2 protein chains.
Amino acid sequence: MAIERRPLREQIRDELMDRLTRGEFAAGTDVNEAVLAAELGVSRTPLREALIALAGEGVLESSQGRGFRFAPVSRKEFRELVAIVAALEALALESSDPDHLRTIAPRLLDLAQGFPDQVAEHATVDRRDDEWHGLLLSGCANERLLDLLTRVKAGMRRYENLVVAEDEPVARESEEHCEIARRLLEDDLPGAIAALRANWIGGMERMLAHLPED
Amino acid sequence: MAIERRPLREQIRDELMDRLTRGEFAAGTDVNEAVLAAELGVSRTPLREALIALAGEGVLESSQGRGFRFAPVSRKEFRELVAIVAALEALALESSDPDHLRTIAPRLLDLAQGFPDQVAEHATVDRRDDEWHGLLLSGCANERLLDLLTRVKAGMRRYENLVVAEDEPVARESEEHCEIARRLLEDDLPGAIAALRANWIGGMERMLAHLPED
DNA sequence: GTCCCGCATTTTGTATTCAAAATGCATAGT
DNA sequence: ACTATGCATTTTGAATACAAAATGCGGGAC
């Protein structure tokens, strides 16, 4: 039995991210520390520590005397975040071991091909997408880069539940993943990186189409 | 008179970064919260909040029950950080307004040419380097990217005071900056980006040569 | 009726207190 | 002599208490 021994602030951070992903917090709304702390069954101290950590990831904003609020969303920021993640994942791929990439390529192809047909709800699609990208980057030895990526992606999570789910984009996404995997199979790293960039940019466009105007 | 009205945690964070840059904290050493808080004249609460923020930037590490320590340095991590910053600055340049770049190119050239001759101490060189890169990125509209860059660069600051200062590298740095500026003058954005990457990689090599082995 | 001022209330920011875990040392046992 | 165990001390983690700032409301002036 591995008993849970982590600081409360981390558990709270994770719990808040979970709730955020579930759409329980509206962007732009204030955090009431006392209420939230009571709800979580902890004191304000570790809660505030978690809030500060999340503010560092761009999930929250804070202003003097006014506390924390869930960062407002905007099409502009979404584009910015996608550009950053695309560049970072491209770098991660670039600095991955080519042998390892060749090894995982078949599995990546399988994953991408296997699931597009079966209808899945939004959350499932996202989870599978995360898994796929996780495997793609599993050969990157740059730990700081992987750290940074997870943090930036955390900042993107608040956009996931804003888009209206559709069928077509899922199929498109799958096709793009296949394309990347195929390039890797052929040892065409530059091609794979270009396809990866295209995947992010394309995904962004598709999501922007379903994002409400500011 | 603009009176200082910022949360203590932010002032503390800045003060700690200042001290870190001055080399007052050795990498790998533990933080004693009570002692440091007393030294700064604040309570442990805002100090811990600052420490958590710095941990999010990779300057500190924390482990359950053992508190915070200044993150150990390694040649591996340094290479990782440089790779990240190079990619991010390249992206920033890529997404800058070409007109603006052309406008600032002369000033960049001036700055790069003006100062290599005069001998300057390490801290001055770094500050000037920061200023130059700041100007270079001044046309980037991606706010999240600029934010991220400053945070990642903060994580790099602990390496600055580890290298033994030399004369030759400064001159080399200056020449590379000139090269970048010239490319921008000629409207050669891809060339400028390549030169920028080379500048980071080259600077890394030069610093690595003066970094002690792990 | 509207605007402004001041007070009461709420909420955040910081300090202090308490609890729990880790560290170090001394001692007993092998 | 070396290891292990128990206790005292130190240090962190979390909760509570206190102070200061912001918000909201009601009354009065115009």
# chains A, B, ... in the order shown; residues from 1 in each chain; ligands from 1

call {"tool": "interface_residues", "arguments": {"of": "chain C", "to": "chain B", "cutoff": "10 Å", "atoms": "only C-alpha atoms (C1' of nucleotides)", "output": "list of chain:residue names"}}
result
C:DG13, C:DT14, C:DA15, C:DT16, C:DA20, C:DA21, C:DA22

call {"tool": "write_last_selection", "arguments": {"atoms": "N, CA and C atoms (P, O5', C5', C4', C3', O3' and C1' of nucleotides)", "output": "short mmCIF file (atom, residue, chain, number, x, y, z; two decimals), in the first residue's frame"}}
result
data_model
loop_
_atom_site.label_atom_id
_atom_site.label_comp_id
_atom_site.auth_asym_id
_atom_site.auth_seq_id
_atom_site.Cartn_x
_atom_site.Cartn_y
_atom_site.Cartn_z
P DG C 13 -4.59 39.16 -1.45
"O5'" DG C 13 -3.87 39.60 -0.10
"C5'" DG C 13 -3.57 40.97 0.10
"C4'" DG C 13 -2.74 41.16 1.35
"C3'" DG C 13 -1.46 40.33 1.40
"O3'" DG C 13 -0.41 41.17 1.89
"C1'" DG C 13 -2.79 39.86 3.30
P DT C 14 1.07 40.59 1.94
"O5'" DT C 14 1.19 40.21 3.49
"C5'" DT C 14 1.08 41.25 4.46
"C4'" DT C 14 1.08 40.68 5.85
"C3'" DT C 14 2.29 39.84 6.24
"O3'" DT C 14 2.97 40.53 7.26
"C1'" DT C 14 0.26 38.84 7.00
P DA C 15 4.28 39.92 7.95
"O5'" DA C 15 3.67 39.31 9.29
"C5'" DA C 15 2.92 40.16 10.14
"C4'" DA C 15 2.38 39.39 11.33
"C3'" DA C 15 3.42 38.58 12.12
"O3'" DA C 15 3.28 38.91 13.49
"C1'" DA C 15 1.58 37.20 11.52
P DT C 16 4.34 38.29 14.53
"O5'" DT C 16 3.51 37.08 15.15
"C5'" DT C 16 2.18 37.31 15.58
"C4'" DT C 16 1.50 36.00 15.95
"C3'" DT C 16 2.33 35.05 16.81
"O3'" DT C 16 1.55 34.69 17.92
"C1'" DT C 16 1.38 33.89 15.01
P DA C 20 -0.76 16.22 15.08
"O5'" DA C 20 0.31 15.80 13.97
"C5'" DA C 20 0.24 16.41 12.68
"C4'" DA C 20 1.59 16.30 12.02
"C3'" DA C 20 2.31 14.97 12.24
"O3'" DA C 20 2.90 14.59 11.02
"C1'" DA C 20 3.72 16.72 12.82
P DA C 21 3.17 13.03 10.70
"O5'" DA C 21 4.48 13.06 9.79
"C5'" DA C 21 4.69 14.16 8.92
"C4'" DA C 21 6.12 14.63 9.01
"C3'" DA C 21 7.15 13.51 9.02
"O3'" DA C 21 7.93 13.62 7.86
"C1'" DA C 21 7.67 15.20 10.62
P DA C 22 9.08 12.57 7.50
"O5'" DA C 22 10.41 13.34 7.94
"C5'" DA C 22 10.67 14.60 7.37
"C4'" DA C 22 11.89 15.23 8.01
"C3'" DA C 22 13.13 14.33 8.01
"O3'" DA C 22 14.23 15.12 7.65
"C1'" DA C 22 12.68 15.05 10.20
#

call {"tool": "closest_atom_pairs", "arguments": {"of": "chain D", "to": "chain B", "cutoff": "10 Å", "atoms": "only C-alpha atoms (C1' of nucleotides)", "output": "tab-separated table"}}
result
residue	atom	partner	partner_atom	distance
D:DT11	C1'	B:Asn32	CA	7.8
D:DT12	C1'	B:Gly65	CA	5.7
D:DG13	C1'	B:Gly65	CA	7.4

call {"tool": "write_last_selection", "arguments": {"atoms": "C-alpha atoms (C1' of nucleotides)", "output": "PDB file, in the first residue's frame"}}
result
ATOM      1  C1'  DT D  11      12.261  22.656  11.029  1.00  0.00           C
ATOM      2  C1'  DT D  12       8.516  22.259   8.132  1.00  0.00           C
ATOM      3  C1'  DG D  13       3.333  21.971   7.250  1.00  0.00           C
TER       4       DG D  13
END

call {"tool": "interface_residues", "arguments": {"of": "chain B", "to": "chain A", "cutoff": "7 Å", "atoms": "only C-alpha atoms", "output": "list in words"}}
result
Arg6, Pro7, Glu49, Ile52, Ala53, Gly56, Gln64, Glu80, Leu81, Ile84, Ala87, Asn142, Arg144 and Leu145 of chain B

call {"tool": "write_last_selection", "arguments": {"atoms": "C-alpha atoms", "output": "short mmCIF file (atom, residue, chain, number, x, y, z; two decimals), in the first residue's frame"}}
result
data_model
loop_
_atom_site.label_atom_id
_atom_site.label_comp_id
_atom_site.auth_asym_id
_atom_site.auth_seq_id
_atom_site.Cartn_x
_atom_site.Cartn_y
_atom_site.Cartn_z
CA ARG B 6 2.65 45.20 -4.07
CA PRO B 7 2.13 41.99 -2.14
CA GLU B 49 4.49 32.05 -0.89
CA ILE B 52 6.49 28.38 -3.94
CA ALA B 53 6.44 30.82 -6.84
CA GLY B 56 7.36 26.94 -10.07
CA GLN B 64 7.80 16.76 1.56
CA GLU B 80 18.16 22.07 -21.66
CA LEU B 81 17.37 25.62 -20.60
CA ILE B 84 14.26 26.08 -24.60
CA ALA B 87 13.38 28.01 -29.37
CA ASN B 142 2.60 37.18 -27.88
CA ARG B 144 2.21 34.73 -22.88
CA LEU B 145 5.39 33.96 -24.73
#

call {"tool": "calpha_fit_and_write", "arguments": {"fixed": "chain A", "moving": "chain B", "output": "CSV table (one decimal) with C-alpha atoms, in the first residue's frame"}}
result
chain,number,residue,atom,x,y,z
B,1,MET,CA,-0.2,0.1,0.0
B,2,ALA,CA,1.4,3.3,-1.1
B,3,ILE,CA,-0.1,5.8,1.3
B,4,GLU,CA,-0.6,9.4,0.2
B,5,ARG,CA,2.1,11.6,1.5
B,6,ARG,CA,2.1,14.8,-0.5
B,7,PRO,CA,1.8,18.4,0.6
B,8,LEU,CA,-1.8,19.6,0.8
B,9,ARG,CA,-1.0,22.4,-1.6
B,10,GLU,CA,-0.2,19.9,-4.4
B,11,GLN,CA,-3.3,17.8,-3.8
B,12,ILE,CA,-5.4,21.0,-3.8
B,13,ARG,CA,-3.7,22.2,-7.0
B,14,ASP,CA,-4.6,18.9,-8.7
B,15,GLU,CA,-8.1,19.0,-7.4
B,16,LEU,CA,-8.6,22.5,-8.6
B,17,MET,CA,-7.2,21.6,-12.1
B,18,ASP,CA,-9.6,18.6,-12.2
B,19,ARG,CA,-12.6,20.8,-11.3
B,20,LEU,CA,-11.4,23.4,-13.9
B,21,THR,CA,-11.2,20.7,-16.6
B,22,ARG,CA,-14.7,19.6,-15.6
B,23,GLY,CA,-15.9,23.2,-16.2
B,24,GLU,CA,-16.8,23.9,-12.7
B,25,PHE,CA,-15.1,27.3,-12.7
B,26,ALA,CA,-16.1,30.0,-15.1
B,27,ALA,CA,-13.3,32.1,-16.5
B,28,GLY,CA,-13.1,35.5,-15.1
B,29,THR,CA,-14.8,34.8,-11.8
B,30,ASP,CA,-13.3,35.5,-8.5
B,31,VAL,CA,-12.0,32.9,-6.0
B,32,ASN,CA,-13.5,33.2,-2.6
B,33,GLU,CA,-10.8,31.7,-0.5
B,34,ALA,CA,-12.8,31.1,2.6
B,35,VAL,CA,-15.6,29.4,0.8
B,36,LEU,CA,-13.4,27.3,-1.4
B,37,ALA,CA,-11.2,26.3,1.6
B,38,ALA,CA,-14.3,25.2,3.5
B,39,GLU,CA,-15.5,23.3,0.5
B,40,LEU,CA,-12.2,21.4,0.2
B,41,GLY,CA,-12.0,20.9,3.9
B,42,VAL,CA,-8.7,22.6,4.3
B,43,SER,CA,-7.5,25.9,5.7
B,44,ARG,CA,-6.8,29.0,3.7
B,45,THR,CA,-3.0,28.6,4.0
B,46,PRO,CA,-2.4,25.6,1.7
B,47,LEU,CA,-5.2,26.7,-0.5
B,48,ARG,CA,-3.5,30.0,-1.1
B,49,GLU,CA,-0.3,28.2,-1.8
B,50,ALA,CA,-2.0,26.2,-4.5
B,51,LEU,CA,-3.6,29.3,-5.9
B,52,ILE,CA,-0.1,31.0,-6.1
B,53,ALA,CA,1.2,27.9,-8.0
B,54,LEU,CA,-1.7,28.0,-10.4
B,55,ALA,CA,-1.2,31.7,-10.9
B,56,GLY,CA,2.4,30.9,-12.0
B,57,GLU,CA,1.0,28.7,-14.7
B,58,GLY,CA,-1.4,31.4,-15.9
B,59,VAL,CA,-4.5,29.6,-14.8
B,60,LEU,CA,-5.3,32.3,-12.3
B,61,GLU,CA,-4.5,36.0,-12.0
B,62,SER,CA,-4.1,38.0,-8.9
B,63,SER,CA,-4.2,41.6,-8.0
B,64,GLN,CA,-3.4,43.4,-4.8
B,65,GLY,CA,-6.2,43.4,-2.3
B,66,ARG,CA,-8.6,41.7,-4.7
B,67,GLY,CA,-7.3,38.2,-4.5
B,68,PHE,CA,-7.4,35.6,-7.2
B,69,ARG,CA,-9.6,35.1,-10.2
B,70,PHE,CA,-9.7,32.5,-12.9
B,71,ALA,CA,-8.0,34.0,-15.8
B,72,PRO,CA,-10.3,35.3,-18.5
B,73,VAL,CA,-10.1,33.5,-21.9
B,74,SER,CA,-9.5,35.1,-25.2
B,75,ARG,CA,-9.0,34.0,-28.7
B,76,LYS,CA,-5.8,35.9,-28.7
B,77,GLU,CA,-4.4,34.1,-25.7
B,78,PHE,CA,-5.5,30.8,-27.1
B,79,ARG,CA,-3.6,31.4,-30.3
B,80,GLU,CA,-0.5,32.4,-28.2
B,81,LEU,CA,-0.6,29.3,-26.1
B,82,VAL,CA,-1.0,27.0,-29.2
B,83,ALA,CA,2.0,28.7,-30.8
B,84,ILE,CA,4.1,28.1,-27.7
B,85,VAL,CA,3.1,24.5,-27.3
B,86,ALA,CA,3.6,23.8,-31.0
B,87,ALA,CA,7.1,25.3,-30.8
B,88,LEU,CA,8.0,23.4,-27.6
B,89,GLU,CA,6.7,20.0,-28.9
B,90,ALA,CA,8.6,20.6,-32.1
B,91,LEU,CA,11.7,21.1,-30.0
B,92,ALA,CA,11.0,18.1,-28.0
B,93,LEU,CA,10.7,16.0,-31.1
B,94,GLU,CA,13.8,17.5,-32.5
B,95,SER,CA,15.8,16.5,-29.5
B,96,SER,CA,14.4,13.0,-29.2
B,97,ASP,CA,16.4,9.9,-29.9
B,98,PRO,CA,15.6,9.0,-33.6
B,99,ASP,CA,15.8,5.3,-32.7
B,100,HIS,CA,13.2,5.6,-30.1
B,101,LEU,CA,11.0,7.6,-32.4
B,102,ARG,CA,11.2,4.8,-35.0
B,103,THR,CA,10.4,2.3,-32.2
B,104,ILE,CA,7.2,4.0,-31.1
B,105,ALA,CA,6.0,5.0,-34.5
B,106,PRO,CA,4.0,1.8,-35.1
B,107,ARG,CA,2.3,2.2,-31.8
B,108,LEU,CA,1.5,5.9,-32.5
B,109,LEU,CA,0.0,4.8,-35.8
B,110,ASP,CA,-2.1,2.2,-34.1
B,111,LEU,CA,-3.4,4.6,-31.6
B,112,ALA,CA,-4.2,7.2,-34.2
B,113,GLN,CA,-6.0,4.7,-36.5
B,114,GLY,CA,-7.7,2.6,-33.9
B,115,PHE,CA,-10.1,5.0,-32.4
B,116,PRO,CA,-11.5,7.6,-34.7
B,117,ASP,CA,-14.5,5.5,-35.6
B,118,GLN,CA,-15.9,4.9,-32.2
B,119,VAL,CA,-17.8,7.9,-31.0
B,120,ALA,CA,-16.5,9.3,-27.7
B,121,GLU,CA,-17.4,12.2,-25.5
B,122,HIS,CA,-15.2,15.3,-25.4
B,123,ALA,CA,-13.3,14.4,-22.2
B,124,THR,CA,-12.4,10.9,-23.6
B,125,VAL,CA,-11.1,12.5,-26.8
B,126,ASP,CA,-8.9,14.9,-24.9
B,127,ARG,CA,-7.5,12.2,-22.6
B,128,ARG,CA,-6.7,10.1,-25.6
B,129,ASP,CA,-5.1,13.0,-27.3
B,130,ASP,CA,-3.0,13.7,-24.3
B,131,GLU,CA,-1.9,10.1,-24.2
B,132,TRP,CA,-0.9,10.2,-27.8
B,133,HIS,CA,1.2,13.3,-27.4
B,134,GLY,CA,2.7,11.9,-24.3
B,135,LEU,CA,3.8,8.8,-26.1
B,136,LEU,CA,5.1,11.0,-28.9
B,137,LEU,CA,7.3,12.9,-26.5
B,138,SER,CA,8.3,9.9,-24.4
B,139,GLY,CA,11.8,9.9,-26.0
B,140,CYS,CA,12.7,13.4,-25.2
B,141,ALA,CA,15.5,13.6,-22.7
B,142,ASN,CA,15.0,17.3,-22.0
B,143,GLU,CA,13.3,17.1,-18.6
B,144,ARG,CA,12.9,20.8,-18.2
B,145,LEU,CA,11.2,21.0,-21.5
B,146,LEU,CA,8.7,18.3,-20.6
B,147,ASP,CA,8.0,20.0,-17.3
B,148,LEU,CA,7.4,23.3,-19.1
B,149,LEU,CA,5.1,21.6,-21.6
B,150,THR,CA,2.9,20.2,-18.9
B,151,ARG,CA,2.7,23.6,-17.2
B,152,VAL,CA,1.8,25.4,-20.4
B,153,LYS,CA,-0.7,22.8,-21.3
B,154,ALA,CA,-2.3,23.2,-17.9
B,155,GLY,CA,-2.8,26.8,-18.8
B,156,MET,CA,-4.6,25.6,-21.9
B,157,ARG,CA,-7.0,23.3,-20.2
B,158,ARG,CA,-9.5,26.0,-19.5
B,159,TYR,CA,-10.2,26.2,-23.2
B,160,GLU,CA,-11.0,22.6,-23.6
B,161,ASN,CA,-14.5,22.7,-22.2
B,162,LEU,CA,-15.4,25.9,-24.1
B,163,VAL,CA,-15.5,24.4,-27.5
B,164,VAL,CA,-18.6,22.7,-28.7
B,165,ALA,CA,-17.8,19.1,-29.6
B,166,GLU,CA,-18.1,18.0,-33.2
B,167,ASP,CA,-17.4,14.8,-35.1
B,168,GLU,CA,-15.5,16.0,-38.1
B,169,PRO,CA,-12.6,17.6,-36.1
B,170,VAL,CA,-12.0,14.3,-34.3
B,171,ALA,CA,-11.5,12.4,-37.6
B,172,ARG,CA,-9.3,15.2,-38.9
B,173,GLU,CA,-7.2,15.1,-35.8
B,174,SER,CA,-6.8,11.3,-36.2
B,175,GLU,CA,-5.7,11.6,-39.8
B,176,GLU,CA,-3.1,14.2,-38.8
B,177,HIS,CA,-1.8,12.0,-36.1
B,178,CYS,CA,-1.4,9.2,-38.7
B,179,GLU,CA,0.5,11.5,-40.9
B,180,ILE,CA,2.9,12.3,-38.2
B,181,ALA,CA,3.4,8.6,-37.3
B,182,ARG,CA,4.0,7.7,-40.9
B,183,ARG,CA,6.7,10.3,-41.2
B,184,LEU,CA,8.4,8.9,-38.2
B,185,LEU,CA,8.2,5.4,-39.6
B,186,GLU,CA,9.9,6.7,-42.7
B,187,ASP,CA,12.6,8.4,-40.6
B,188,ASP,CA,11.5,11.7,-41.9
B,189,LEU,CA,12.0,13.8,-38.7
B,190,PRO,CA,11.7,17.2,-40.4
B,191,GLY,CA,8.5,16.1,-42.1
B,192,ALA,CA,7.1,14.8,-38.8
B,193,ILE,CA,7.9,18.1,-37.1
B,194,ALA,CA,6.2,20.0,-39.9
B,195,ALA,CA,3.2,17.7,-39.6
B,196,LEU,CA,3.1,18.2,-35.8
B,197,ARG,CA,3.1,21.9,-36.2
B,198,ALA,CA,0.3,21.7,-38.8
B,199,ASN,CA,-1.6,19.5,-36.4
B,200,TRP,CA,-1.4,22.1,-33.7
B,201,ILE,CA,-2.2,25.0,-36.0
B,202,GLY,CA,-5.1,23.0,-37.6
B,203,GLY,CA,-6.5,22.0,-34.3
B,204,MET,CA,-6.3,25.6,-33.2
B,205,GLU,CA,-8.3,26.8,-36.2
B,206,ARG,CA,-10.9,24.1,-35.7
B,207,MET,CA,-11.3,25.0,-32.0
B,208,LEU,CA,-11.3,28.7,-32.8
B,209,ALA,CA,-14.3,28.1,-35.1
B,210,HIS,CA,-16.2,26.8,-32.1
B,211,LEU,CA,-15.0,29.3,-29.6
B,212,PRO,CA,-17.4,32.1,-28.8
B,213,GLU,CA,-16.2,35.5,-29.8
B,214,ASP,CA,-14.7,37.5,-27.0

call {"tool": "select_by_dssp", "arguments": {"residues": "stretch 2-125 of chain B", "states": "alpha helix (DSSP H)", "output": "PyMOL selection string"}}
result
chain B and resi 8-21+33-40+44-56+75-94+98-114+122-125

call {"tool": "residues_around", "arguments": {"residues": "D:DC2", "least_positions_apart": "2", "cutoff": "12 Å", "atoms": "only C-alpha atoms (C1' of nucleotides)", "output": "compact mmCIF listing (two decimals) with N, CA and C atoms (P, O5', C5', C4', C3', O3' and C1' of nucleotides), in the first residue's frame"}}
result
# COMPACT_ATOMS: atom_id res chain seq x y z
P DG C 29 20.93 -2.68 27.24
O5' DG C 29 21.16 -3.64 25.99
C5' DG C 29 20.32 -3.49 24.85
C4' DG C 29 21.06 -3.96 23.62
C3' DG C 29 21.80 -5.29 23.80
O3' DG C 29 21.34 -6.21 22.83
C1' DG C 29 23.22 -3.67 22.81
P DT C 30 21.58 -7.78 23.02
O5' DT C 30 22.66 -8.08 21.91
C5' DT C 30 22.37 -7.74 20.55
C4' DT C 30 23.65 -7.62 19.74
C3' DT C 30 24.53 -8.86 19.80
O3' DT C 30 24.51 -9.50 18.52
C1' DT C 30 25.79 -6.84 19.92
P DA D 4 21.80 -1.26 11.67
O5' DA D 4 20.86 -1.12 12.94
C5' DA D 4 20.81 -2.19 13.88
C4' DA D 4 20.13 -1.70 15.15
C3' DA D 4 18.84 -0.92 14.91
O3' DA D 4 17.89 -1.30 15.89
C1' DA D 4 20.31 0.40 16.17

call {"tool": "residues_around", "arguments": {"residues": "C:DG6", "least_positions_apart": "3", "cutoff": "12 Å", "atoms": "only C-alpha atoms (C1' of nucleotides)", "output": "MDAnalysis selection string"}}
result
chainID D and resid 25:28

call {"tool": "select_by_dssp", "arguments": {"residues": "stretch 37-212 of chain B", "states": "strand (DSSP E or B)", "output": "PyMOL selection string"}}
result
chain B and resi 60-63+67-70+96+140

call {"tool": "residues_around", "arguments": {"residues": "D:DG24", "least_positions_apart": "3", "cutoff": "10 Å", "atoms": "only C-alpha atoms (C1' of nucleotides)", "output": "list in words"}}
result
DA8, DT9 and DT10 of chain C

call {"tool": "write_last_selection", "arguments": {"atoms": "N, CA and C atoms (P, O5', C5', C4', C3', O3' and C1' of nucleotides)", "output": "compact mmCIF listing (two decimals), in the first residue's frame"}}
result
# COMPACT_ATOMS: atom_id res chain seq x y z
P DA C 8 -20.45 51.69 12.20
O5' DA C 8 -20.85 50.35 11.44
C5' DA C 8 -22.14 50.28 10.82
C4' DA C 8 -22.18 49.05 9.92
C3' DA C 8 -21.61 47.78 10.56
O3' DA C 8 -22.49 46.70 10.26
C1' DA C 8 -20.41 48.28 8.56
P DT C 9 -22.16 45.22 10.78
O5' DT C 9 -21.58 44.51 9.48
C5' DT C 9 -22.24 44.73 8.22
C4' DT C 9 -21.46 44.04 7.12
C3' DT C 9 -20.86 42.68 7.49
O3' DT C 9 -21.29 41.74 6.51
C1' DT C 9 -19.21 44.06 6.52
P DT C 10 -20.88 40.19 6.62
O5' DT C 10 -19.79 40.07 5.46
C5' DT C 10 -20.06 40.72 4.20
C4' DT C 10 -18.83 40.69 3.34
C3' DT C 10 -18.10 39.35 3.29
O3' DT C 10 -17.87 39.03 1.93
C1' DT C 10 -16.59 41.08 3.82
